[in-house]
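For reference, work_12.txt is printed below; it contains compact mmCIF, C-alpha atoms and all ligand atoms.
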# COMPACT_ATOMS: atom_id res chain seq x y z
CA MET T 235 -35.14 46.51 1.17
CA THR T 236 -32.58 44.30 -0.53
CA GLU T 237 -33.77 40.83 -1.29
CA VAL T 238 -31.49 38.15 0.10
CA GLN T 239 -30.74 35.48 -2.43
CA VAL T 240 -30.22 32.02 -1.04
CA VAL T 241 -27.86 29.93 -3.12
CA ARG T 242 -28.25 26.22 -2.71
CA LEU T 243 -25.25 24.19 -3.69
CA PRO T 244 -25.94 20.86 -5.40
CA HIS T 245 -25.24 17.80 -3.31
CA ILE T 246 -22.10 16.57 -5.04
CA VAL T 247 -20.88 13.86 -2.70
CA GLU T 248 -21.48 10.52 -4.36
CA PRO T 249 -22.32 7.49 -2.23
CA LEU T 250 -19.48 5.25 -1.22
CA ASP T 251 -18.82 1.99 -3.00
CA PRO T 252 -19.14 -0.64 -0.20
CA ALA T 253 -16.14 -2.50 -1.68
CA THR T 254 -13.93 0.39 -0.61
CA GLN T 255 -14.84 0.09 3.08
CA PRO T 256 -14.41 -2.77 5.57
CA PRO T 257 -17.41 -4.64 7.01
CA ARG T 258 -18.28 -3.70 10.58
CA VAL T 259 -17.38 -7.18 11.77
CA ILE T 260 -14.12 -8.41 10.28
CA PRO T 261 -13.93 -12.24 10.17
CA GLY T 262 -11.21 -13.48 12.54
CA TYR T 263 -10.90 -10.10 14.27
CA VAL T 264 -12.68 -10.86 17.54
CA GLN T 265 -12.78 -7.31 18.88
CA THR T 266 -14.85 -6.01 15.96
CA GLY T 267 -17.65 -8.35 17.03
CA TRP T 268 -17.54 -7.07 20.61
CA ARG T 269 -17.89 -3.43 19.64
CA THR T 270 -20.46 -3.77 16.89
CA PRO T 271 -24.11 -3.36 17.91
CA GLU T 272 -26.52 -6.04 16.70
CA LYS T 273 -28.65 -3.38 15.07
CA LEU T 274 -27.33 -0.17 13.71
CA TRP T 275 -29.13 2.88 12.42
CA ARG T 276 -27.01 5.35 10.55
CA ARG T 277 -28.46 8.79 11.14
CA PRO T 278 -27.21 11.49 8.80
CA LEU T 279 -25.54 14.40 10.52
CA THR T 280 -27.50 17.62 10.37
CA ARG T 281 -26.64 21.27 10.85
CA SER T 282 -26.90 21.08 14.64
CA GLU T 283 -24.19 18.42 14.74
CA PHE T 284 -21.92 20.09 12.19
CA THR T 285 -22.15 23.42 13.98
CA GLY T 286 -21.87 21.78 17.40
CA PRO T 287 -18.84 21.67 19.66
CA SER T 288 -15.89 22.65 17.55
CA GLY T 289 -12.38 23.99 17.87
CA GLN T 290 -10.74 20.76 18.95
CA GLY T 291 -7.46 22.15 17.68
CA ARG T 292 -7.64 24.88 20.33
CA ARG T 293 -8.95 22.75 23.17
CA LEU T 294 -6.46 19.91 22.91
CA ALA T 295 -2.72 20.26 23.28
CA GLN T 296 -0.81 20.16 20.03
CA LEU T 297 1.80 17.43 20.31
CA GLY T 298 3.57 18.39 17.10
CA ALA T 299 4.58 16.22 14.17
CA ASP T 300 8.04 15.25 15.39
CA ILE T 301 7.78 12.22 17.67
CA ALA T 302 11.09 10.59 16.79
CA GLY T 303 12.37 11.21 20.30
CA ARG T 304 12.06 13.24 23.47
CA GLY T 305 14.22 16.32 23.50
CA GLU T 306 17.75 15.36 22.49
CA ARG T 307 17.10 11.67 23.02
CA GLN T 308 16.16 9.80 19.88
CA ALA T 309 13.73 6.88 19.92
CA LEU T 310 15.07 3.49 18.92
CA GLY T 311 14.32 2.37 15.39
CA GLN T 312 14.51 3.40 11.76
CA LEU T 313 14.00 7.12 11.39
CA ILE T 314 11.29 7.96 8.84
CA HIS T 315 9.43 10.99 7.54
CA VAL T 316 5.80 10.57 6.50
CA ARG T 317 4.52 13.29 4.18
CA LEU T 318 0.76 13.26 4.58
CA ALA T 319 -1.58 15.09 2.22
CA LEU T 320 -5.14 15.55 3.46
CA VAL T 321 -7.53 16.15 0.56
CA ASP T 322 -11.24 16.26 -0.18
CA GLU T 323 -13.09 14.52 -3.02
CA ASP T 324 -11.72 17.01 -5.57
CA GLY T 325 -8.12 16.67 -4.42
CA SER T 326 -8.21 20.08 -2.74
CA PRO T 327 -6.31 20.44 0.53
CA VAL T 328 -8.30 20.12 3.74
CA THR T 329 -7.29 23.00 5.96
CA GLY T 330 -7.77 23.48 9.69
CA ALA T 331 -8.32 19.78 10.33
CA MET T 332 -6.88 18.26 13.46
CA VAL T 333 -4.90 15.15 12.61
CA GLU T 334 -3.85 12.69 15.28
CA MET T 335 -1.41 9.89 14.58
CA TRP T 336 -0.47 7.06 16.92
CA GLN T 337 1.67 4.02 16.44
CA ALA T 338 3.60 1.20 18.07
CA ASN T 339 7.30 1.66 18.78
CA ALA T 340 10.02 -0.15 16.83
CA ALA T 341 9.50 -3.27 18.95
CA GLY T 342 5.75 -3.37 18.22
CA ARG T 343 4.54 -2.01 21.59
CA TYR T 344 2.10 0.85 22.17
CA ALA T 345 2.75 3.35 24.96
CA HIS T 346 -0.77 2.70 26.28
CA PRO T 347 -2.02 0.82 29.36
CA ASN T 348 -4.12 -1.48 27.17
CA ASP T 349 -1.00 -2.86 25.51
CA THR T 350 0.46 -5.42 27.89
CA GLU T 351 2.49 -7.33 25.34
CA HIS T 352 5.95 -8.62 26.16
CA ALA T 353 7.73 -6.20 23.80
CA PRO T 354 9.59 -3.41 25.63
CA LEU T 355 8.51 0.21 25.88
CA ASP T 356 10.87 2.90 24.65
CA PRO T 357 11.09 5.76 27.17
CA ASN T 358 12.14 8.10 24.37
CA PHE T 359 9.19 7.36 22.11
CA PRO T 360 5.98 9.28 22.88
CA GLY T 361 3.94 7.29 20.35
CA ALA T 362 1.41 9.96 19.35
CA ALA T 363 1.32 13.18 17.33
CA ARG T 364 -1.36 15.86 17.01
CA VAL T 365 -1.24 18.66 14.44
CA VAL T 366 -3.72 21.02 12.76
CA THR T 367 -3.33 21.31 8.99
CA ASP T 368 -2.45 24.68 7.49
CA GLU T 369 -3.63 25.96 4.09
CA SER T 370 -1.51 23.33 2.32
CA GLY T 371 -3.39 20.44 3.99
CA ARG T 372 -0.01 18.75 4.39
CA ILE T 373 1.86 17.48 7.42
CA GLU T 374 5.35 16.03 7.54
CA PHE T 375 5.67 13.62 10.44
CA ARG T 376 9.12 12.71 11.76
CA THR T 377 8.98 9.41 13.58
CA ILE T 378 10.40 5.89 13.64
CA LYS T 379 9.08 2.94 11.68
CA PRO T 380 6.73 0.90 13.88
CA GLY T 381 7.24 -2.80 14.43
CA GLY T 382 4.60 -5.45 13.73
CA TYR T 383 2.86 -7.09 16.68
CA PRO T 384 0.74 -10.15 17.44
CA VAL T 385 -2.97 -9.54 18.04
CA PRO T 386 -4.11 -11.11 21.34
CA ASP T 387 -6.52 -14.08 21.08
CA SER T 388 -6.13 -14.25 17.34
CA ARG T 389 -4.24 -17.48 16.70
CA ARG T 390 -1.03 -15.76 15.71
CA TRP T 391 -2.33 -13.03 13.51
CA TRP T 392 0.41 -10.42 13.33
CA ARG T 393 -0.36 -6.85 12.39
CA PRO T 394 2.05 -5.45 9.80
CA PRO T 395 3.79 -2.16 10.61
CA HIS T 396 1.16 0.59 10.35
CA LEU T 397 0.22 4.07 11.54
CA HIS T 398 -3.20 4.98 12.93
CA PHE T 399 -4.75 8.29 11.91
CA SER T 400 -7.73 10.23 13.20
CA VAL T 401 -8.87 13.26 11.24
CA TRP T 402 -11.30 15.69 12.82
CA GLY T 403 -13.44 18.04 10.76
CA ARG T 404 -14.94 21.28 12.02
CA SER T 405 -17.12 19.60 14.63
CA PHE T 406 -16.20 16.69 16.87
CA LEU T 407 -18.79 14.43 15.16
CA SER T 408 -17.03 14.87 11.85
CA ARG T 409 -14.23 12.38 12.29
CA MET T 410 -12.46 9.75 10.22
CA VAL T 411 -10.24 7.01 11.60
CA THR T 412 -7.97 5.02 9.32
CA GLN T 413 -4.60 3.34 9.05
CA MET T 414 -1.57 3.68 6.79
CA PHE T 415 0.50 0.68 5.73
CA PHE T 416 4.09 0.45 4.48
CA PRO T 417 4.91 -0.83 0.98
CA GLY T 418 6.61 -4.18 0.53
CA GLU T 419 5.76 -5.58 3.97
CA PRO T 420 5.20 -9.38 3.85
CA LEU T 421 2.58 -9.17 6.62
CA ASN T 422 0.40 -6.85 4.51
CA ALA T 423 -0.79 -9.81 2.44
CA GLN T 424 -2.09 -11.59 5.56
CA ASP T 425 -3.52 -8.69 7.51
CA ARG T 426 -7.19 -9.23 8.30
CA ILE T 427 -7.85 -5.51 8.57
CA LEU T 428 -6.24 -4.60 5.25
CA LEU T 429 -7.81 -7.62 3.52
CA SER T 430 -11.25 -6.70 4.87
CA VAL T 431 -11.39 -3.99 2.19
CA ALA T 432 -12.63 -5.81 -0.92
CA SER T 433 -11.47 -3.38 -3.59
CA SER T 434 -7.78 -3.79 -4.49
CA ASP T 435 -7.62 -0.12 -5.52
CA ALA T 436 -8.97 0.92 -2.14
CA ARG T 437 -6.43 -1.36 -0.40
CA GLU T 438 -3.61 0.11 -2.46
CA ALA T 439 -4.70 3.59 -1.42
CA LEU T 440 -4.01 2.58 2.20
CA VAL T 441 -0.35 1.81 1.43
CA ALA T 442 2.13 4.69 1.45
CA ARG T 443 4.60 5.30 -1.37
CA ALA T 444 8.31 5.09 -0.59
CA LEU T 445 10.34 7.90 -2.12
CA PRO T 446 13.75 7.13 -3.66
CA THR T 447 16.46 7.27 -0.99
CA THR T 448 18.10 10.10 -2.94
CA GLU T 449 15.19 12.36 -1.91
CA GLY T 450 14.51 13.81 1.51
CA PRO T 451 16.81 14.14 4.50
CA ASP T 452 20.09 12.17 4.72
CA ASP T 453 19.16 10.34 7.90
CA ALA T 454 15.59 9.19 7.20
CA LEU T 455 13.53 7.19 4.73
CA VAL T 456 10.61 9.16 3.33
CA TYR T 457 7.06 7.96 2.64
CA GLU T 458 4.26 9.86 0.94
CA HIS T 459 0.62 9.23 1.77
CA ARG T 460 -2.76 10.71 0.93
CA ILE T 461 -5.95 10.57 2.94
CA VAL T 462 -9.15 11.44 1.07
CA VAL T 463 -11.70 12.48 3.68
CA ARG T 464 -14.89 12.08 1.66
CA GLY T 465 -16.42 11.26 -1.69
CA ARG T 466 -16.43 8.13 -3.76
CA ARG T 467 -12.66 7.73 -3.48
CA ALA T 468 -12.64 8.33 0.28
CA THR T 469 -9.94 6.45 2.13
CA ALA T 470 -11.22 3.30 3.84
CA GLU T 471 -12.12 3.84 7.48
CA LEU T 472 -10.22 1.36 9.63
CA ASP T 473 -10.43 1.23 13.44
FE FE H 1 -2.27 -0.78 15.62
Show me the file's structure as C-alpha cells.
Amino acid sequence: MTEVQVVRLPHIVEPLDPATQPPRVIPGYVQTGWRTPEKLWRRPLTRSEFTGPSGQGRRLAQLGADIAGRGERQALGQLIHVRLALVDEDGSPVTGAMVEMWQANAAGRYAHPNDTEHAPLDPNFPGAARVVTDESGRIEFRTIKPGGYPVPDSRRWWRPPHLHFSVWGRSFLSRMVTQMFFPGEPLNAQDRILLSVASSDAREALVARALPTTEGPDDALVYEHRIVVRGRRATAELD
C-alpha cells in the first residue's frame, strides 16, 4: 500500500502592522461607534468556515464592470476607467474572486434607500458593479467619477470622491471591504476615514494612480489601483 505523504506548508502570512489599518471606532465618525461591539473576540477562521458556503460568483447575478450608463444612455459625469489589480501578499493575481464595487453618482448621491440626501439621483447610473476575476486577477471598470458628499450628523464632514470595494474569497466568510480614493482631491486631506489609517504608506496605497491622458481610451480618464488581499502589505480595510 502506498504511503500518503502529507505536506504541510509553512505559515507565511505575517501579522498586520496595526498602523496600516483603521481603529474600529474612528473619532468623529459617529456610525463606527454604533456598529462596534463593546467587547470583541476575534476568532480565527478554521477549515469548516473556509470550506463552507462558497460559489458566490455563481449564486449572485454578475452586474458586469461597465456601469457608466444603462443601455445606450450614458450616466451624467466624467467618464473614467478604473484598472483594478487584485493581488495576494506575493503580488500574484487573485483569481476567481468576486469583486463588488459601489459608488455615489456624479452629484454625490447613492442609488440606495438609506441615502436621502438632497443631491439628485441619476436614472442612468446603476451605482454598483459585480465581477469575478479571471486568471489575470484584473478588472477594468468603466464608470463615472463619483462626487463628494456630506456625512449626516458630522458637522460638515465631506467625504472625498471614492469607490467602495468588497472582495470575496472562496467562502463567504473570507471577505475584505475597502475604499479607493482619487489622487489630488483636496478633501482627501480632511477625510476622517482615510486619516484613520496611521501609516502614510498605507494611506497612499488607498489612492489610485492617474495615468497620463495620452494613455487609454479617447473619451475617459484612466486610473490604476491595486488591492492586496492579505499579508503585511494588505490594503487597509475600510467600511
Ligand atoms: Fe461612500
Hey, could you make a per-residue contact list for chain T against ligand FE 1 (chain H) with 12 Å as the cut-off, showing the nearest pair of atoms and its distance in Å to one decimal, counting all atoms listed in the file, sorted by chain and number, as JSON lines?
{"residue": "T:Met335", "atom": "CA", "partner": "H:FE1", "partner_atom": "FE", "distance": 10.8}
{"residue": "T:Trp336", "atom": "CA", "partner": "H:FE1", "partner_atom": "FE", "distance": 8.1}
{"residue": "T:Gln337", "atom": "CA", "partner": "H:FE1", "partner_atom": "FE", "distance": 6.3}
{"residue": "T:Ala338", "atom": "CA", "partner": "H:FE1", "partner_atom": "FE", "distance": 6.7}
{"residue": "T:Asn339", "atom": "CA", "partner": "H:FE1", "partner_atom": "FE", "distance": 10.4}
{"residue": "T:Gly342", "atom": "CA", "partner": "H:FE1", "partner_atom": "FE", "distance": 8.8}
{"residue": "T:Arg343", "atom": "CA", "partner": "H:FE1", "partner_atom": "FE", "distance": 9.1}
{"residue": "T:Tyr344", "atom": "CA", "partner": "H:FE1", "partner_atom": "FE", "distance": 8.0}
{"residue": "T:Ala345", "atom": "CA", "partner": "H:FE1", "partner_atom": "FE", "distance": 11.4}
{"residue": "T:His346", "atom": "CA", "partner": "H:FE1", "partner_atom": "FE", "distance": 11.3}
{"residue": "T:Asn348", "atom": "CA", "partner": "H:FE1", "partner_atom": "FE", "distance": 11.7}
{"residue": "T:Asp349", "atom": "CA", "partner": "H:FE1", "partner_atom": "FE", "distance": 10.2}
{"residue": "T:Gly361", "atom": "CA", "partner": "H:FE1", "partner_atom": "FE", "distance": 11.2}
{"residue": "T:Ala362", "atom": "CA", "partner": "H:FE1", "partner_atom": "FE", "distance": 12.0}
{"residue": "T:Pro380", "atom": "CA", "partner": "H:FE1", "partner_atom": "FE", "distance": 9.3}
{"residue": "T:Gly381", "atom": "CA", "partner": "H:FE1", "partner_atom": "FE", "distance": 9.8}
{"residue": "T:Gly382", "atom": "CA", "partner": "H:FE1", "partner_atom": "FE", "distance": 8.5}
{"residue": "T:Tyr383", "atom": "CA", "partner": "H:FE1", "partner_atom": "FE", "distance": 8.2}
{"residue": "T:Pro384", "atom": "CA", "partner": "H:FE1", "partner_atom": "FE", "distance": 10.0}
{"residue": "T:Val385", "atom": "CA", "partner": "H:FE1", "partner_atom": "FE", "distance": 9.1}
{"residue": "T:Pro386", "atom": "CA", "partner": "H:FE1", "partner_atom": "FE", "distance": 12.0}
{"residue": "T:Trp392", "atom": "CA", "partner": "H:FE1", "partner_atom": "FE", "distance": 10.3}
{"residue": "T:Arg393", "atom": "CA", "partner": "H:FE1", "partner_atom": "FE", "distance": 7.1}
{"residue": "T:Pro394", "atom": "CA", "partner": "H:FE1", "partner_atom": "FE", "distance": 8.6}
{"residue": "T:Pro395", "atom": "CA", "partner": "H:FE1", "partner_atom": "FE", "distance": 8.0}
{"residue": "T:His396", "atom": "CA", "partner": "H:FE1", "partner_atom": "FE", "distance": 6.4}
{"residue": "T:Leu397", "atom": "CA", "partner": "H:FE1", "partner_atom": "FE", "distance": 6.8}
{"residue": "T:His398", "atom": "CA", "partner": "H:FE1", "partner_atom": "FE", "distance": 6.4}
{"residue": "T:Phe399", "atom": "CA", "partner": "H:FE1", "partner_atom": "FE", "distance": 10.1}
{"residue": "T:Val411", "atom": "CA", "partner": "H:FE1", "partner_atom": "FE", "distance": 11.8}
{"residue": "T:Thr412", "atom": "CA", "partner": "H:FE1", "partner_atom": "FE", "distance": 10.3}
{"residue": "T:Gln413", "atom": "CA", "partner": "H:FE1", "partner_atom": "FE", "distance": 8.1}
{"residue": "T:Met414", "atom": "CA", "partner": "H:FE1", "partner_atom": "FE", "distance": 9.9}
{"residue": "T:Phe415", "atom": "CA", "partner": "H:FE1", "partner_atom": "FE", "distance": 10.4}
{"residue": "T:Asp425", "atom": "CA", "partner": "H:FE1", "partner_atom": "FE", "distance": 11.4}
{"residue": "T:Ile427", "atom": "CA", "partner": "H:FE1", "partner_atom": "FE", "distance": 10.2}
{"residue": "T:Leu428", "atom": "CA", "partner": "H:FE1", "partner_atom": "FE", "distance": 11.7}
{"residue": "T:Leu472", "atom": "CA", "partner": "H:FE1", "partner_atom": "FE", "distance": 10.2}
{"residue": "T:Asp473", "atom": "CA", "partner": "H:FE1", "partner_atom": "FE", "distance": 8.7}
Mind working out the centre and edge lengths of an axis-aligned box for stretch 433-441 of chain T, all listed atoms inside, 8 Å added to each side, rounded to one decimal in Å and written as JSON?
{"center_x": -5.9, "center_y": -0.1, "center_z": -1.7, "size_x": 27.1, "size_y": 23.4, "size_z": 23.7}
Given only C-alpha atoms, how would the per-residue table for stretch 299-410 of chain T near stretch 453-457 of chain T read, listing every residue at most 9 Å away with its closest atom pair and distance in Å to one decimal, sorted by chain and number, as CSV?
residue,atom,partner,partner_atom,distance
T:Gln312,CA,T:Ala454,CA,7.4
T:Leu313,CA,T:Ala454,CA,4.9
T:Ile314,CA,T:Leu455,CA,4.7
T:His315,CA,T:Val456,CA,4.7
T:Val316,CA,T:Tyr457,CA,4.8
T:Arg317,CA,T:Tyr457,CA,6.1
T:Leu318,CA,T:Tyr457,CA,8.5
T:Arg376,CA,T:Ala454,CA,8.7
T:Ile378,CA,T:Ala454,CA,8.9
Å distance separating atom CA of T:Ile461 from atom CA of T:Ala309, one decimal place: 26.3 Å
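The nearest approach to T:Glu283 among the residues T:Arg466, T:Arg409, T:Arg307, T:Arg426, with all atoms listed in the file taken into account, belongs to T:Arg409.
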Point-to-point distance in Å for atom CA of T:Ser370 and atom CA of T:Ser326: 9.0 Å
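You will find atom CA of T:Gln424 at 26.2 Å from atom CA of T:Pro446.
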Excluding T:Arg372 and its own-chain neighbours fewer than 4 positions away, which residues fall within 7 Å of it when counting only C-alpha atoms? Please give them as a PDB file with C-alpha atoms, in the coordinates of the input.
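Output below, filename around_33.pdb:
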ATOM      1  CA  LEU T 318       0.760  13.260   4.580  1.00  0.00           C
ATOM      2  CA  ALA T 319      -1.580  15.090   2.220  1.00  0.00           C
ATOM      3  CA  LEU T 320      -5.140  15.550   3.460  1.00  0.00           C
ATOM      4  CA  THR T 367      -3.330  21.310   8.990  1.00  0.00           C
TER       5      THR T 367
END
Proximity to T:Pro357 - best of T:Pro257, T:Pro252, T:Pro451, T:Gly303, all atoms listed in the file: T:Gly303
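Restricting the calculation to only C-alpha atoms, the smallest distance between T:Glu306 and any of T:Met410, T:Thr469, T:Gly267, T:Asn358 is found for T:Asn358.
By chain and then residue number, the residues within 10 Å of stretch 290-293 of chain T are T:Pro287, T:Gln296, T:Gly330, T:Ala331, T:Met332, T:Val333, T:Arg364, T:Val365, T:Val366, T:Thr367, T:Trp402, T:Gly403, T:Arg404, T:Ser405, T:Phe406, counting all atoms listed in the file and disregarding those fewer than 3 positions away in sequence.
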